[in-house]
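Colleague: A single structure is presented below for examination.
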Amino acid sequence: MIKVIAHRGSKGTHPENTLPAFQEAIDVQADGIELDVQLTRDGQLVVIHDEKINRTTNAKGWVKELTLAEIKELDAGSWFSENYKETRIPTLEEVLELLNHNQFSGLLNIELKTDRIEYLGIEQKVLRALEQADLSCTVVLSSFNRDTVRRLKALNDTYEKAFIAFGNKNDLAWLSKQPDIHSFHPDIRWLRRHIDQTTDIETIRPWTVNKEKEMQFCIKHQLAGMFTDFPKKALEVRNHG
């Protein structure tokens, strides 16, 4: 059965990539959780999507130019709703602790946000954090950055690696030349037009599947998973038709 994966947590109902968003995904019994990691100026792994803090906090600037202490002072919830005022940007370690506390046994997809900024050593840091966390869930490591995907594969044989893309012939051609990478995370808009080009790919999980017709498409084609901002809704569509 297709897995419903909460995109940046339950992003549609809670401030994305925060502990409340991940807790909501757990509470609605999503099959998986997706999050994004970047590095602070002092080399700490933080969970945030954009390279800049402008959109999802009460400040402006680059993640890479701020220390963890400075990041932790930011309000990452009020932009979404006053109900989440003072919600903080979590570290990867804090999210892993939350999953352990909840005995989460689903799928955890960690996206390394290196498509615009090459964070030196981020692959090793993520792997080290996972080793120390002793999780009971299944881990998938993904990135838009082909070099990151290759480095992850060279560094680790344990976790599944996935290539994320908007989708085009070049992406498919590259993926076909990677014998050890069998998972593809394309844009749902591209996939709906080009599903016939992906028959040789073992595991497909498109993003971001928010409309019911997109969810039905993924179910019909028996895809491995779908990333959605509304996991509760997607579970209802999957489970009840």
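Identifiers in the structure tokens: chain A, B, ... in order shown; residue index from 1 per chain; ligand index from 1 in order shown.
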Would you kindly return, as a list in words, each protein, DNA or RNA residue with an atom no farther than 7 Å from any atom of Val28 (chain A), considering only C-alpha atoms and excluding same-chain residues fewer than 3 positions away?

Modeller: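 Returned residues: Glu24, Ala25 and Lys232 of chain A.
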
Colleague: Skipping near chain neighbours, those fewer than 3 positions away, what residues fall within 9 Å of His14 (chain A) using only C-alpha atoms, listed as a count of residues only?

Modeller: 13

Colleague: Would you please extract all strand (DSSP E) residues from region 17-139 of chain A, as assigned by DSSP on the backbone, and give them as a list in words?

Modeller: Gly32, Ile33, Glu34, Leu35, Asp36, Val37, Gln38, Leu39, Leu45, Val46, Val47, Leu107, Leu108, Asn109, Ile110, Glu111, Leu112, Thr138 and Val139 of chain A

Colleague: Write out as a tab-separated table the residues of region 151-233 of chain A that have any atom within 8 Å of an atom of region 113-130 of chain A, one row each with the nearest atom pair and its distance in Å to one decimal, counting only C-alpha atoms, sorted by chain and then rising number.

Modeller:
residue	atom	partner	partner_atom	distance
A:Arg151	CA	A:Glu123	CA	7.3
A:Leu152	CA	A:Glu123	CA	6.2
A:Leu155	CA	A:Gln124	CA	7.7
A:Asn156	CA	A:Leu127	CA	8.0

Colleague: My list of candidates is A:Met215, A:Leu223, A:Leu172, A:Ile201. Which is closest to Leu235 (chain A) when distances are computed with only C-alpha atoms?

Modeller: A:Met215
